[in-house]
>>> print(open('structure-v2.pdb').read())   # PDB, C-alpha atoms
ATOM      1  CA  MET N1332     -51.857 -13.671-246.186
ATOM      2  CA  GLU N1333     -52.340 -10.486-248.202
ATOM      3  CA  MET N1334     -55.545  -9.876-250.102
ATOM      4  CA  GLU N1335     -56.658  -7.447-252.781
ATOM      5  CA  VAL N1336     -59.225  -4.898-251.643
ATOM      6  CA  SER N1337     -61.134  -3.098-254.383
ATOM      7  CA  ARG N1338     -63.519  -1.134-252.149
ATOM      8  CA  PRO N1339     -63.547   0.370-248.647
ATOM      9  CA  LEU N1340     -64.194  -1.947-245.708
ATOM     10  CA  ASN N1341     -67.320  -1.390-243.629
ATOM     11  CA  LEU N1342     -66.437  -0.900-239.959
ATOM     12  CA  ARG N1343     -68.376  -1.024-236.707
ATOM     13  CA  CYS N1344     -66.812   1.651-234.549
ATOM     14  CA  SER N1345     -66.680   2.310-230.817
ATOM     15  CA  VAL N1346     -68.299   5.086-228.810
ATOM     16  CA  GLN N1347     -67.152   6.624-225.519
ATOM     17  CA  LYS N1348     -69.851   7.951-223.207
ATOM     18  CA  TYR N1349     -67.736  10.255-221.051
ATOM     19  CA  ASP N1350     -69.775  12.626-218.913
ATOM     20  CA  TRP N1351     -68.564  15.755-220.763
ATOM     21  CA  GLY N1352     -70.247  14.624-224.006
ATOM     22  CA  LYS N1353     -73.432  16.099-225.447
ATOM     23  CA  LEU N1354     -76.659  14.317-224.551
ATOM     24  CA  GLY N1355     -78.721  12.118-226.842
ATOM     25  CA  GLU N1356     -79.697  13.468-230.259
ATOM     26  CA  GLU N1357     -77.852  16.722-229.562
ATOM     27  CA  SER N1358     -74.610  14.795-229.940
ATOM     28  CA  ARG N1359     -73.128  14.376-233.415
ATOM     29  CA  VAL N1360     -71.267  11.393-231.944
ATOM     30  CA  ALA N1361     -74.556   9.764-230.924
ATOM     31  CA  ARG N1362     -76.023  10.234-234.391
ATOM     32  CA  LEU N1363     -72.915   8.786-236.069
ATOM     33  CA  PHE N1364     -72.859   5.836-233.702
ATOM     34  CA  SER N1365     -76.554   5.134-234.225
ATOM     35  CA  ARG N1366     -76.149   5.118-238.013
ATOM     36  CA  ASN N1367     -73.035   2.967-237.763
ATOM     37  CA  SER N1368     -74.346   0.393-235.282
ATOM     38  CA  GLU N1369     -78.136   0.718-235.719
ATOM     39  CA  ALA N1370     -78.331   1.172-231.935
ATOM     40  CA  GLU N1371     -81.012   3.409-230.444
ATOM     41  CA  ILE N1372     -79.861   6.719-229.001
ATOM     42  CA  GLU N1373     -80.485   7.043-225.265
ATOM     43  CA  PRO N1374     -81.745  10.621-224.777
ATOM     44  CA  GLU N1375     -80.253  11.122-221.308
ATOM     45  CA  ARG N1376     -76.847   9.556-221.995
ATOM     46  CA  PRO N1377     -73.786  11.589-222.961
ATOM     47  CA  TYR N1378     -72.082  10.581-226.210
ATOM     48  CA  ALA N1379     -68.586  12.071-226.225
ATOM     49  CA  GLU N1380     -66.253  10.344-228.706
ATOM     50  CA  PHE N1381     -66.643   8.168-231.810
ATOM     51  CA  TRP N1382     -63.449   6.145-232.385
ATOM     52  CA  MET N1383     -62.217   4.749-235.693
ATOM     53  CA  GLY N1384     -59.024   2.758-235.307
ATOM     54  CA  THR N1385     -57.246  -0.138-233.639
ATOM     55  CA  HIS N1386     -56.613   1.058-230.074
ATOM     56  CA  GLU N1387     -57.709  -1.535-227.524
ATOM     57  CA  SER N1388     -59.643   1.057-225.496
ATOM     58  CA  GLY N1389     -62.100   1.482-228.382
ATOM     59  CA  PRO N1390     -61.393  -0.891-231.277
ATOM     60  CA  SER N1391     -63.187  -0.878-234.605
ATOM     61  CA  PHE N1392     -64.437  -4.157-236.077
ATOM     62  CA  VAL N1393     -64.610  -5.248-239.685
ATOM     63  CA  VAL N1394     -68.248  -6.018-240.496
ATOM     64  CA  PRO N1395     -68.914  -9.789-240.892
ATOM     65  CA  GLY N1396     -68.657 -10.746-244.539
ATOM     66  CA  GLU N1397     -66.036  -8.067-245.211
ATOM     67  CA  SER N1398     -63.052 -10.000-243.847
ATOM     68  CA  GLY N1399     -62.857 -12.776-246.371
ATOM     69  CA  SER N1400     -65.809 -15.060-245.701
ATOM     70  CA  PRO N1401     -69.534 -14.347-246.237
ATOM     71  CA  ASP N1402     -70.470 -15.687-242.812
ATOM     72  CA  SER N1403     -67.341 -14.852-240.807
ATOM     73  CA  GLU N1404     -67.463 -13.617-237.196
ATOM     74  CA  PRO N1405     -66.605  -9.973-236.470
ATOM     75  CA  VAL N1406     -62.864  -9.402-236.383
ATOM     76  CA  THR N1407     -61.043  -6.398-234.993
ATOM     77  CA  LEU N1408     -59.557  -3.993-237.497
ATOM     78  CA  ARG N1409     -56.167  -4.541-235.855
ATOM     79  CA  LYS N1410     -56.290  -8.295-236.452
ATOM     80  CA  TRP N1411     -57.531  -7.783-240.003
ATOM     81  CA  ILE N1412     -54.602  -5.437-240.743
ATOM     82  CA  LEU N1413     -52.126  -7.853-239.157
ATOM     83  CA  ASP N1414     -53.464 -10.552-241.500
ATOM     84  CA  ASN N1415     -53.440  -8.153-244.470
ATOM     85  CA  PRO N1416     -50.487  -5.759-243.999
ATOM     86  CA  GLY N1417     -50.424  -4.897-247.697
ATOM     87  CA  PHE N1418     -53.647  -2.957-247.099
ATOM     88  CA  LEU N1419     -51.576  -0.226-245.418
ATOM     89  CA  GLY N1420     -49.181   0.219-248.315
ATOM     90  CA  GLU N1421     -45.467  -0.446-248.510
ATOM     91  CA  LYS N1422     -44.301   2.916-247.136
ATOM     92  CA  VAL N1423     -46.486   2.657-244.023
ATOM     93  CA  VAL N1424     -45.399  -0.932-243.341
ATOM     94  CA  ASP N1425     -41.735   0.028-243.746
ATOM     95  CA  ARG N1426     -42.049   2.817-241.167
ATOM     96  CA  TRP N1427     -44.618   1.516-238.661
ATOM     97  CA  GLY N1428     -44.936  -2.197-239.313
ATOM     98  CA  SER N1429     -48.323  -3.888-239.505
ATOM     99  CA  GLU N1430     -49.999  -1.355-237.231
ATOM    100  CA  LEU N1431     -52.399   1.437-238.168
ATOM    101  CA  PRO N1432     -50.309   4.495-237.197
ATOM    102  CA  PHE N1433     -53.198   6.835-236.371
ATOM    103  CA  LEU N1434     -56.467   7.037-234.443
ATOM    104  CA  PHE N1435     -59.394   9.018-235.869
ATOM    105  CA  LYS N1436     -62.168  10.437-233.668
ATOM    106  CA  VAL N1437     -65.220  12.668-233.697
ATOM    107  CA  LEU N1438     -65.899  14.615-230.476
ATOM    108  CA  SER N1439     -69.087  16.304-229.208
ATOM    109  CA  VAL N1440     -68.134  18.506-226.247
ATOM    110  CA  ALA N1441     -70.845  19.843-223.923
ATOM    111  CA  LYS N1442     -68.601  20.832-221.014
ATOM    112  CA  ALA N1443     -64.889  21.265-220.578
ATOM    113  CA  LEU N1444     -62.464  18.367-220.775
ATOM    114  CA  SER N1445     -59.650  18.107-218.255
ATOM    115  CA  ILE N1446     -56.552  20.298-218.094
ATOM    116  CA  GLN N1447     -54.195  17.778-219.657
ATOM    117  CA  ALA N1448     -51.140  16.996-221.739
ATOM    118  CA  HIS N1449     -49.955  13.979-223.703
ATOM    119  CA  PRO N1450     -46.482  12.528-223.127
ATOM    120  CA  ASP N1451     -43.745  12.244-225.712
ATOM    121  CA  LYS N1452     -42.569   8.787-226.786
ATOM    122  CA  GLU N1453     -39.880   8.441-224.121
ATOM    123  CA  LEU N1454     -42.119   9.487-221.232
ATOM    124  CA  ALA N1455     -45.002   7.369-222.548
ATOM    125  CA  ARG N1456     -42.825   4.252-222.322
ATOM    126  CA  VAL N1457     -41.875   5.092-218.721
ATOM    127  CA  LEU N1458     -45.446   5.852-217.627
ATOM    128  CA  HIS N1459     -46.808   2.705-219.276
ATOM    129  CA  ARG N1460     -44.187   0.574-217.566
ATOM    130  CA  MET N1461     -44.807   2.171-214.142
ATOM    131  CA  ARG N1462     -48.635   2.452-214.244
ATOM    132  CA  PRO N1463     -50.083   0.368-217.097
ATOM    133  CA  SER N1464     -53.587   0.500-215.617
ATOM    134  CA  ILE N1465     -53.614   4.290-216.103
ATOM    135  CA  TYR N1466     -51.276   4.791-219.061
ATOM    136  CA  LYS N1467     -52.453   1.990-221.289
ATOM    137  CA  ASP N1468     -49.878   2.071-224.092
ATOM    138  CA  PRO N1469     -46.236   3.123-224.653
ATOM    139  CA  ASN N1470     -47.046   5.597-227.429
ATOM    140  CA  GLN N1471     -46.885   9.351-227.813
ATOM    141  CA  LYS N1472     -50.042  11.241-228.748
ATOM    142  CA  PRO N1473     -49.559  14.357-230.871
ATOM    143  CA  GLU N1474     -52.954  15.365-232.216
ATOM    144  CA  MET N1475     -54.816  17.735-234.514
ATOM    145  CA  ALA N1476     -58.355  18.977-233.916
ATOM    146  CA  ILE N1477     -60.426  20.219-236.876
ATOM    147  CA  ALA N1478     -63.564  22.143-235.930
ATOM    148  CA  LEU N1479     -66.927  20.943-237.268
ATOM    149  CA  THR N1480     -68.810  23.693-235.402
ATOM    150  CA  ASP N1481     -67.686  26.778-233.522
ATOM    151  CA  PHE N1482     -65.142  25.264-231.161
ATOM    152  CA  THR N1483     -63.319  26.605-228.110
ATOM    153  CA  ALA N1484     -60.255  25.377-226.239
ATOM    154  CA  LEU N1485     -57.487  26.306-223.852
ATOM    155  CA  CYS N1486     -54.066  25.623-225.338
ATOM    156  CA  GLY N1487     -50.502  26.513-224.347
ATOM    157  CA  PHE N1488     -49.296  29.155-221.914
ATOM    158  CA  VAL N1489     -50.074  32.829-222.413
ATOM    159  CA  SER N1490     -47.235  35.260-223.131
ATOM    160  CA  ILE N1491     -45.282  36.713-220.227
ATOM    161  CA  GLU N1492     -46.850  40.120-220.897
ATOM    162  CA  GLU N1493     -50.339  38.645-220.647
ATOM    163  CA  LEU N1494     -49.345  36.734-217.515
ATOM    164  CA  LYS N1495     -48.185  40.006-215.960
ATOM    165  CA  ASP N1496     -51.628  41.441-216.749
ATOM    166  CA  VAL N1497     -53.220  38.392-215.085
ATOM    167  CA  LEU N1498     -51.242  38.957-211.877
ATOM    168  CA  ALA N1499     -52.134  42.638-211.938
ATOM    169  CA  GLY N1500     -55.831  41.929-212.438
ATOM    170  CA  VAL N1501     -56.471  38.679-210.532
ATOM    171  CA  PRO N1502     -55.488  39.245-206.876
ATOM    172  CA  GLU N1503     -56.688  35.759-205.959
ATOM    173  CA  ILE N1504     -53.805  34.204-207.923
ATOM    174  CA  VAL N1505     -51.277  36.511-206.238
ATOM    175  CA  GLU N1506     -52.718  35.483-202.874
ATOM    176  CA  LEU N1507     -52.213  31.838-203.828
ATOM    177  CA  ILE N1508     -48.640  32.069-205.163
ATOM    178  CA  GLY N1509     -47.398  34.795-202.805
ATOM    179  CA  ASP N1510     -45.977  38.279-203.427
ATOM    180  CA  GLU N1511     -42.423  37.011-203.881
ATOM    181  CA  ASN N1512     -43.354  34.639-206.719
ATOM    182  CA  ALA N1513     -45.565  37.279-208.317
ATOM    183  CA  SER N1514     -42.643  39.733-208.249
ATOM    184  CA  LYS N1515     -40.444  37.218-210.079
ATOM    185  CA  VAL N1516     -42.925  37.192-212.957
ATOM    186  CA  LEU N1517     -43.430  40.954-212.964
ATOM    187  CA  ASN N1518     -39.644  41.468-213.092
ATOM    188  CA  ILE N1519     -39.042  39.174-216.093
ATOM    189  CA  LYS N1520     -37.308  41.140-218.835
ATOM    190  CA  GLU N1521     -37.491  40.713-222.592
ATOM    191  CA  GLN N1522     -33.844  39.641-222.755
ATOM    192  CA  ASP N1523     -34.250  36.879-220.165
ATOM    193  CA  GLY N1524     -33.585  33.438-221.662
ATOM    194  CA  TYR N1525     -36.088  30.601-222.161
ATOM    195  CA  MET N1526     -34.703  28.441-219.353
ATOM    196  CA  GLU N1527     -34.896  31.265-216.817
ATOM    197  CA  VAL N1528     -38.472  32.112-217.805
ATOM    198  CA  LYS N1529     -39.399  28.414-217.853
ATOM    199  CA  SER N1530     -38.104  27.974-214.298
ATOM    200  CA  ILE N1531     -40.224  30.849-212.987
ATOM    201  CA  LEU N1532     -43.354  29.826-214.881
ATOM    202  CA  ARG N1533     -42.982  26.200-213.830
ATOM    203  CA  SER N1534     -42.590  27.248-210.198
ATOM    204  CA  ILE N1535     -45.732  29.384-210.015
ATOM    205  CA  PHE N1536     -47.891  27.050-212.127
ATOM    206  CA  THR N1537     -46.870  24.086-209.947
ATOM    207  CA  LYS N1538     -47.764  26.102-206.840
ATOM    208  CA  VAL N1539     -51.213  26.887-208.250
ATOM    209  CA  ILE N1540     -52.094  23.431-209.579
ATOM    210  CA  SER N1541     -50.812  21.764-206.361
ATOM    211  CA  ALA N1542     -52.822  23.977-204.011
ATOM    212  CA  SER N1543     -54.995  22.337-201.371
ATOM    213  CA  LYS N1544     -58.703  21.843-201.948
ATOM    214  CA  GLU N1545     -59.444  24.177-199.044
ATOM    215  CA  ALA N1546     -57.306  26.990-200.453
ATOM    216  CA  VAL N1547     -58.758  26.555-203.943
ATOM    217  CA  SER N1548     -62.349  26.541-202.669
ATOM    218  CA  GLU N1549     -61.797  29.705-200.625
ATOM    219  CA  LEU N1550     -60.067  31.584-203.450
ATOM    220  CA  LEU N1551     -62.645  30.576-206.058
ATOM    221  CA  SER N1552     -65.397  31.807-203.760
ATOM    222  CA  LYS N1553     -63.618  35.183-203.512
ATOM    223  CA  LEU N1554     -63.020  35.277-207.269
ATOM    224  CA  LYS N1555     -66.631  34.508-208.097
ATOM    225  CA  CYS N1556     -67.974  37.128-205.677
ATOM    226  CA  ARG N1557     -65.569  39.769-206.999
ATOM    227  CA  LEU N1558     -66.411  39.118-210.655
ATOM    228  CA  ASN N1559     -70.156  39.084-209.983
ATOM    229  CA  VAL N1560     -69.849  42.502-208.316
ATOM    230  CA  GLU N1561     -67.588  43.936-211.041
ATOM    231  CA  HIS N1562     -69.914  42.638-213.736
ATOM    232  CA  LYS N1563     -72.440  45.258-212.587
ATOM    233  CA  ILE N1564     -70.105  48.122-213.496
ATOM    234  CA  ARG N1565     -68.002  46.778-216.381
ATOM    235  CA  MET N1566     -67.963  44.157-219.124
ATOM    236  CA  LEU N1567     -66.062  41.080-218.009
ATOM    237  CA  THR N1568     -63.262  39.876-220.269
ATOM    238  CA  GLU N1569     -63.725  36.681-222.307
ATOM    239  CA  LYS N1570     -61.324  34.861-219.973
ATOM    240  CA  GLU N1571     -63.231  36.022-216.875
ATOM    241  CA  GLN N1572     -66.523  34.881-218.420
ATOM    242  CA  LEU N1573     -64.909  31.537-219.241
ATOM    243  CA  VAL N1574     -63.664  31.123-215.677
ATOM    244  CA  LEU N1575     -67.188  31.683-214.316
ATOM    245  CA  LEU N1576     -68.507  29.070-216.756
ATOM    246  CA  LEU N1577     -65.842  26.568-215.725
ATOM    247  CA  GLU N1578     -66.600  27.190-212.050
ATOM    248  CA  LYS N1579     -70.234  26.233-212.666
ATOM    249  CA  GLN N1580     -69.147  23.036-214.403
ATOM    250  CA  TYR N1581     -66.396  22.132-211.900
ATOM    251  CA  PRO N1582     -67.012  23.906-208.555
ATOM    252  CA  ALA N1583     -63.966  24.299-206.302
ATOM    253  CA  ASP N1584     -61.650  22.802-208.951
ATOM    254  CA  VAL N1585     -58.108  24.152-209.306
ATOM    255  CA  GLY N1586     -58.431  23.841-213.072
ATOM    256  CA  VAL N1587     -60.724  26.890-212.988
ATOM    257  CA  ILE N1588     -57.920  29.092-211.619
ATOM    258  CA  SER N1589     -55.307  27.561-213.922
ATOM    259  CA  ALA N1590     -57.352  28.643-216.966
ATOM    260  CA  PHE N1591     -55.869  32.143-216.518
ATOM    261  CA  PHE N1592     -52.467  30.712-217.485
ATOM    262  CA  PHE N1593     -53.559  29.396-220.911
ATOM    263  CA  ASN N1594     -54.450  30.831-224.304
ATOM    264  CA  TYR N1595     -58.194  30.866-224.997
ATOM    265  CA  VAL N1596     -58.656  29.745-228.602
ATOM    266  CA  LYS N1597     -61.771  29.967-230.770
ATOM    267  CA  LEU N1598     -62.038  27.965-233.990
ATOM    268  CA  SER N1599     -64.581  28.380-236.782
ATOM    269  CA  PRO N1600     -65.757  25.311-238.731
ATOM    270  CA  GLY N1601     -62.888  24.026-240.880
ATOM    271  CA  GLU N1602     -60.132  25.634-238.792
ATOM    272  CA  ALA N1603     -57.599  23.363-237.108
ATOM    273  CA  LEU N1604     -55.352  23.321-234.053
ATOM    274  CA  TYR N1605     -52.224  21.183-233.628
ATOM    275  CA  ILE N1606     -51.240  20.053-230.126
ATOM    276  CA  GLY N1607     -47.766  18.582-229.700
ATOM    277  CA  ALA N1608     -46.432  16.393-226.919
ATOM    278  CA  ASN N1609     -46.105  17.916-223.427
ATOM    279  CA  GLU N1610     -48.314  20.922-224.209
ATOM    280  CA  PRO N1611     -51.209  21.784-221.850
ATOM    281  CA  HIS N1612     -54.706  22.043-223.274
ATOM    282  CA  ALA N1613     -58.398  21.545-222.563
ATOM    283  CA  TYR N1614     -61.281  21.484-225.039
ATOM    284  CA  ILE N1615     -64.167  23.639-223.839
ATOM    285  CA  SER N1616     -67.113  23.291-226.234
ATOM    286  CA  GLY N1617     -68.195  22.294-229.737
ATOM    287  CA  ASP N1618     -67.763  19.417-232.189
ATOM    288  CA  CYS N1619     -64.502  18.468-233.855
ATOM    289  CA  ILE N1620     -62.638  15.774-235.741
ATOM    290  CA  GLU N1621     -59.405  14.587-234.137
ATOM    291  CA  CYS N1622     -56.549  12.708-235.734
ATOM    292  CA  MET N1623     -53.694  11.508-233.526
ATOM    293  CA  ALA N1624     -51.078   8.861-233.028
ATOM    294  CA  THR N1625     -52.578   5.577-231.829
ATOM    295  CA  SER N1626     -52.563   6.260-228.107
ATOM    296  CA  ASP N1627     -54.899   6.949-225.194
ATOM    297  CA  ASN N1628     -52.305   8.409-222.816
ATOM    298  CA  VAL N1629     -53.601  11.466-220.946
ATOM    299  CA  VAL N1630     -51.896  13.154-217.978
ATOM    300  CA  ARG N1631     -54.555  15.192-216.116
ATOM    301  CA  ALA N1632     -54.394  17.836-213.404
ATOM    302  CA  GLY N1633     -57.724  19.712-213.266
ATOM    303  CA  LEU N1634     -61.342  20.011-214.450
ATOM    304  CA  THR N1635     -61.930  16.293-214.003
ATOM    305  CA  PRO N1636     -63.189  13.685-211.520
ATOM    306  CA  LYS N1637     -60.631  11.252-212.979
ATOM    307  CA  TYR N1638     -57.150  10.433-211.667
ATOM    308  CA  ARG N1639     -54.887  13.491-211.466
ATOM    309  CA  ASP N1640     -51.153  13.098-211.916
ATOM    310  CA  VAL N1641     -50.136  16.623-210.964
ATOM    311  CA  GLN N1642     -46.461  15.920-210.362
ATOM    312  CA  THR N1643     -46.021  14.260-213.751
ATOM    313  CA  LEU N1644     -47.903  17.014-215.573
ATOM    314  CA  CYS N1645     -45.889  19.816-213.976
ATOM    315  CA  SER N1646     -42.581  18.100-214.723
ATOM    316  CA  MET N1647     -43.378  17.197-218.360
ATOM    317  CA  LEU N1648     -44.666  20.516-219.725
ATOM    318  CA  THR N1649     -42.463  22.607-222.032
ATOM    319  CA  TYR N1650     -43.716  25.939-220.579
ATOM    320  CA  LYS N1651     -43.297  27.597-223.965
ATOM    321  CA  GLN N1652     -45.283  30.791-224.487
ATOM    322  CA  ASP N1653     -45.776  30.398-228.227
ATOM    323  CA  SER N1654     -48.601  32.163-230.016
ATOM    324  CA  ILE N1655     -51.222  29.663-231.173
ATOM    325  CA  HIS N1656     -51.284  29.066-234.904
ATOM    326  CA  VAL N1657     -54.776  28.232-236.199
TER     327      VAL N1657
END
>>> encode(input="structure-v2.pdb", output="structure tokens")
Amino acid sequence: MEMEVSRPLNLRCSVQKYDWGKLGEESRVARLFSRNSEAEIEPERPYAEFWMGTHESGPSFVVPGESGSPDSEPVTLRKWILDNPGFLGEKVVDRWGSELPFLFKVLSVAKALSIQAHPDKELARVLHRMRPSIYKDPNQKPEMAIALTDFTALCGFVSIEELKDVLAGVPEIVELIGDENASKVLNIKEQDGYMEVKSILRSIFTKVISASKEAVSELLSKLKCRLNVEHKIRMLTEKEQLVLLLEKQYPADVGVISAFFFNYVKLSPGEALYIGANEPHAYISGDCIECMATSDNVVRAGLTPKYRDVQTLCSMLTYKQDSIHV
């Protein structure tokens, strides 16, 4: 049954208390959730994400009395839309059916999120079928982040020229990948095609991200000691300072080393960043709004205590070295 709606519906939205979220009142997410639910803010709890949408991992509910009856029980937004598809509009229903085609979030980031990528539609279907407990839906997840505060992130691979500078200036990475692999990168020429460059980049990134815990721990110890010594005689680069910060947050984690491979992006309030399918990224700090396809599929490989699917991540990435458009 369709119904006429002359005013916005009031929703009760979900909150995610992931450990990378800002604590208590410091979190914009906590303050939004408290106003929305009238729940007290726990000062020592992290409040990471405020979800507005229909995904089963964090559904929104239509407030009782808003769904057709003054004393009705809470009903999920998904069920309400299924009962009232006209609410979405004819064009949306024609393209996506009676499903809300997007998920809207607010994030408050205190420490780095995982090195991750989101699968395209085809891969999402495969992953959901193979491991539904981890990949909870068959949907792709392109997303846009719009900064509410100063916001930092890692996104996409650096240019080949910058990667050559990394290998020249970070001996610990050369030690990890070997001189032969480093030479392949250093010998890449401007006229070399995308597939040839992709093959080399994929090979060395896979070698880094697949390294043993023992090797990573030893190399990070060397890297940290070297940078602490060099800091006494020169100004560290922004990327080097970031790596030291990440090492404090995630000691002995391979994601710290892999940060050298990615663009370091800084957004001012109101600036936005688009992240397509199969592109590596990690949010570092700040508050943002996110809008994405209705999915919670995340393939992780570093900077996280959660499940890491390194093989899938390395095989799915595009390995494009595009400049980041803000």
>>> residues_around(input="structure-v2.pdb", residues="Ser1530 in chain N", least_positions_apart="2", cutoff="12 Å", atoms="only C-alpha atoms", output="list in words")
Asn1512, Lys1515, Val1516, Ile1519, Asp1523, Gly1524, Tyr1525, Met1526, Glu1527, Val1528, Leu1532, Arg1533, Ser1534, Ile1535, Phe1536, Thr1537, Cys1645, Ser1646, Leu1648, Thr1649, Tyr1650 and Lys1651 of chain N
>>> atom_distance(input="structure-v2.pdb", atom1="CA of Pro1502 in chain N", atom2="CA of Pro1611 in chain N")
23.4 Å
>>> closest_residue(input="structure-v2.pdb", among="N:Val1423, N:Val1505, N:Cys1556, N:Leu1604", to="Glu1621 in chain N", atoms="all atoms listed in the file")
N:Leu1604
>>> closest_residue(input="structure-v2.pdb", among="N:Ile1615, N:Ile1588, N:Leu1408, N:Gln1642", to="Ile1508 in chain N", atoms="all atoms listed in the file")
N:Ile1588
>>> resolve_selection(input="structure-v2.pdb", expression="the PyMOL selection byres ((chain N and resi 1377) around 10)", output="JSON, numbers by chain")
{"N": [1347, 1348, 1349, 1350, 1351, 1352, 1353, 1354, 1355, 1356, 1357, 1358, 1360, 1361, 1372, 1373, 1374, 1375, 1376, 1378, 1379, 1380, 1439, 1440, 1441]}
>>> resolve_selection(input="structure-v2.pdb", expression="the PyMOL selection byres ((chain N and resi 1573) around 12)", output="MDAnalysis selection string")
chainID N and resid 1442:1443 1483:1485 1555 1558 1567:1572 1574:1580 1586:1591 1593:1596 1615:1616
>>> write_last_selection(input="structure-v2.pdb", atoms="C-alpha atoms", output="short mmCIF file (atom, residue, chain, number, x, y, z; two decimals), keeping the file's coordinate frame")
data_model
loop_
_atom_site.label_atom_id
_atom_site.label_comp_id
_atom_site.auth_asym_id
_atom_site.auth_seq_id
_atom_site.Cartn_x
_atom_site.Cartn_y
_atom_site.Cartn_z
CA LYS N 1442 -68.60 20.83 -221.01
CA ALA N 1443 -64.89 21.26 -220.58
CA THR N 1483 -63.32 26.60 -228.11
CA ALA N 1484 -60.26 25.38 -226.24
CA LEU N 1485 -57.49 26.31 -223.85
CA LYS N 1555 -66.63 34.51 -208.10
CA LEU N 1558 -66.41 39.12 -210.66
CA LEU N 1567 -66.06 41.08 -218.01
CA THR N 1568 -63.26 39.88 -220.27
CA GLU N 1569 -63.72 36.68 -222.31
CA LYS N 1570 -61.32 34.86 -219.97
CA GLU N 1571 -63.23 36.02 -216.88
CA GLN N 1572 -66.52 34.88 -218.42
CA VAL N 1574 -63.66 31.12 -215.68
CA LEU N 1575 -67.19 31.68 -214.32
CA LEU N 1576 -68.51 29.07 -216.76
CA LEU N 1577 -65.84 26.57 -215.72
CA GLU N 1578 -66.60 27.19 -212.05
CA LYS N 1579 -70.23 26.23 -212.67
CA GLN N 1580 -69.15 23.04 -214.40
CA GLY N 1586 -58.43 23.84 -213.07
CA VAL N 1587 -60.72 26.89 -212.99
CA ILE N 1588 -57.92 29.09 -211.62
CA SER N 1589 -55.31 27.56 -213.92
CA ALA N 1590 -57.35 28.64 -216.97
CA PHE N 1591 -55.87 32.14 -216.52
CA PHE N 1593 -53.56 29.40 -220.91
CA ASN N 1594 -54.45 30.83 -224.30
CA TYR N 1595 -58.19 30.87 -225.00
CA VAL N 1596 -58.66 29.74 -228.60
CA ILE N 1615 -64.17 23.64 -223.84
CA SER N 1616 -67.11 23.29 -226.23
#
>>> resolve_selection(input="structure-v2.pdb", expression="the PyMOL selection byres ((chain N and resi 1476) around 9)", output="ChimeraX atom specification")
/N:1474-1475,1477-1478,1602-1606,1619-1623
>>> residues_near_point(input="structure-v2.pdb", point="(-52.5, -9.2, -240.8)", cutoff="12 Å", atoms="only C-alpha atoms", output="number ranges by chain")
N: 1332-1334, 1398, 1406-1419, 1424, 1428-1431
>>> atom_distance(input="structure-v2.pdb", atom1="CA of Ile1491 in chain N", atom2="CA of Gly1633 in chain N")
22.2 Å
>>> residues_around(input="structure-v2.pdb", residues="Ser1445 in chain N", least_positions_apart="3", cutoff="8 Å", atoms="all atoms listed in the file", output="PDB file with C-alpha atoms, keeping the file's coordinate frame")
ATOM      1  CA  GLY N1586     -58.431  23.841-213.072  1.00  0.00           C
ATOM      2  CA  ALA N1613     -58.398  21.545-222.563  1.00  0.00           C
ATOM      3  CA  TYR N1614     -61.281  21.484-225.039  1.00  0.00           C
ATOM      4  CA  ARG N1631     -54.555  15.192-216.116  1.00  0.00           C
ATOM      5  CA  ALA N1632     -54.394  17.836-213.404  1.00  0.00           C
ATOM      6  CA  GLY N1633     -57.724  19.712-213.266  1.00  0.00           C
ATOM      7  CA  LEU N1634     -61.342  20.011-214.450  1.00  0.00           C
ATOM      8  CA  THR N1635     -61.930  16.293-214.003  1.00  0.00           C
TER       9      THR N1635
END
>>> residues_near_point(input="structure-v2.pdb", point="(-64.9, 6.9, -238.1)", cutoff="7 Å", atoms="all atoms listed in the file", output="list in words")
Cys1344, Phe1381, Trp1382, Met1383, Phe1435 and Lys1436 of chain N
>>> atom_distance(input="structure-v2.pdb", atom1="CA of Thr1480 in chain N", atom2="CA of Arg1362 in chain N")
15.3 Å
>>> closest_residue(input="structure-v2.pdb", among="N:Arg1343, N:Ile1465, N:Val1437, N:Ala1455", to="Lys1637 in chain N", atoms="all atoms listed in the file")
N:Ile1465
>>> closest_residue(input="structure-v2.pdb", among="N:Lys1538, N:Lys1495, N:Ser1548, N:Lys1472", to="Ala1448 in chain N", atoms="all atoms listed in the file")
N:Lys1472
>>> axis_aligned_box(input="structure-v2.pdb", around="range 1477-1481 of chain N", padding_each_side="8 Å", output="AutoDock Vina command-line options")
--center_x -64.6 --center_y 23.5 --center_z -235.4 --size_x 24.4 --size_y 22.6 --size_z 19.7
>>> closest_residue(input="structure-v2.pdb", among="N:Gln1652, N:Ser1543, N:Ser1490, N:Asn1470", to="Ala1608 in chain N", atoms="all atoms listed in the file")
N:Asn1470
>>> residues_around(input="structure-v2.pdb", residues="His1459 in chain N", least_positions_apart="4", cutoff="7 Å", atoms="only C-alpha atoms", output="number ranges by chain")
N: 1455, 1463, 1466-1469
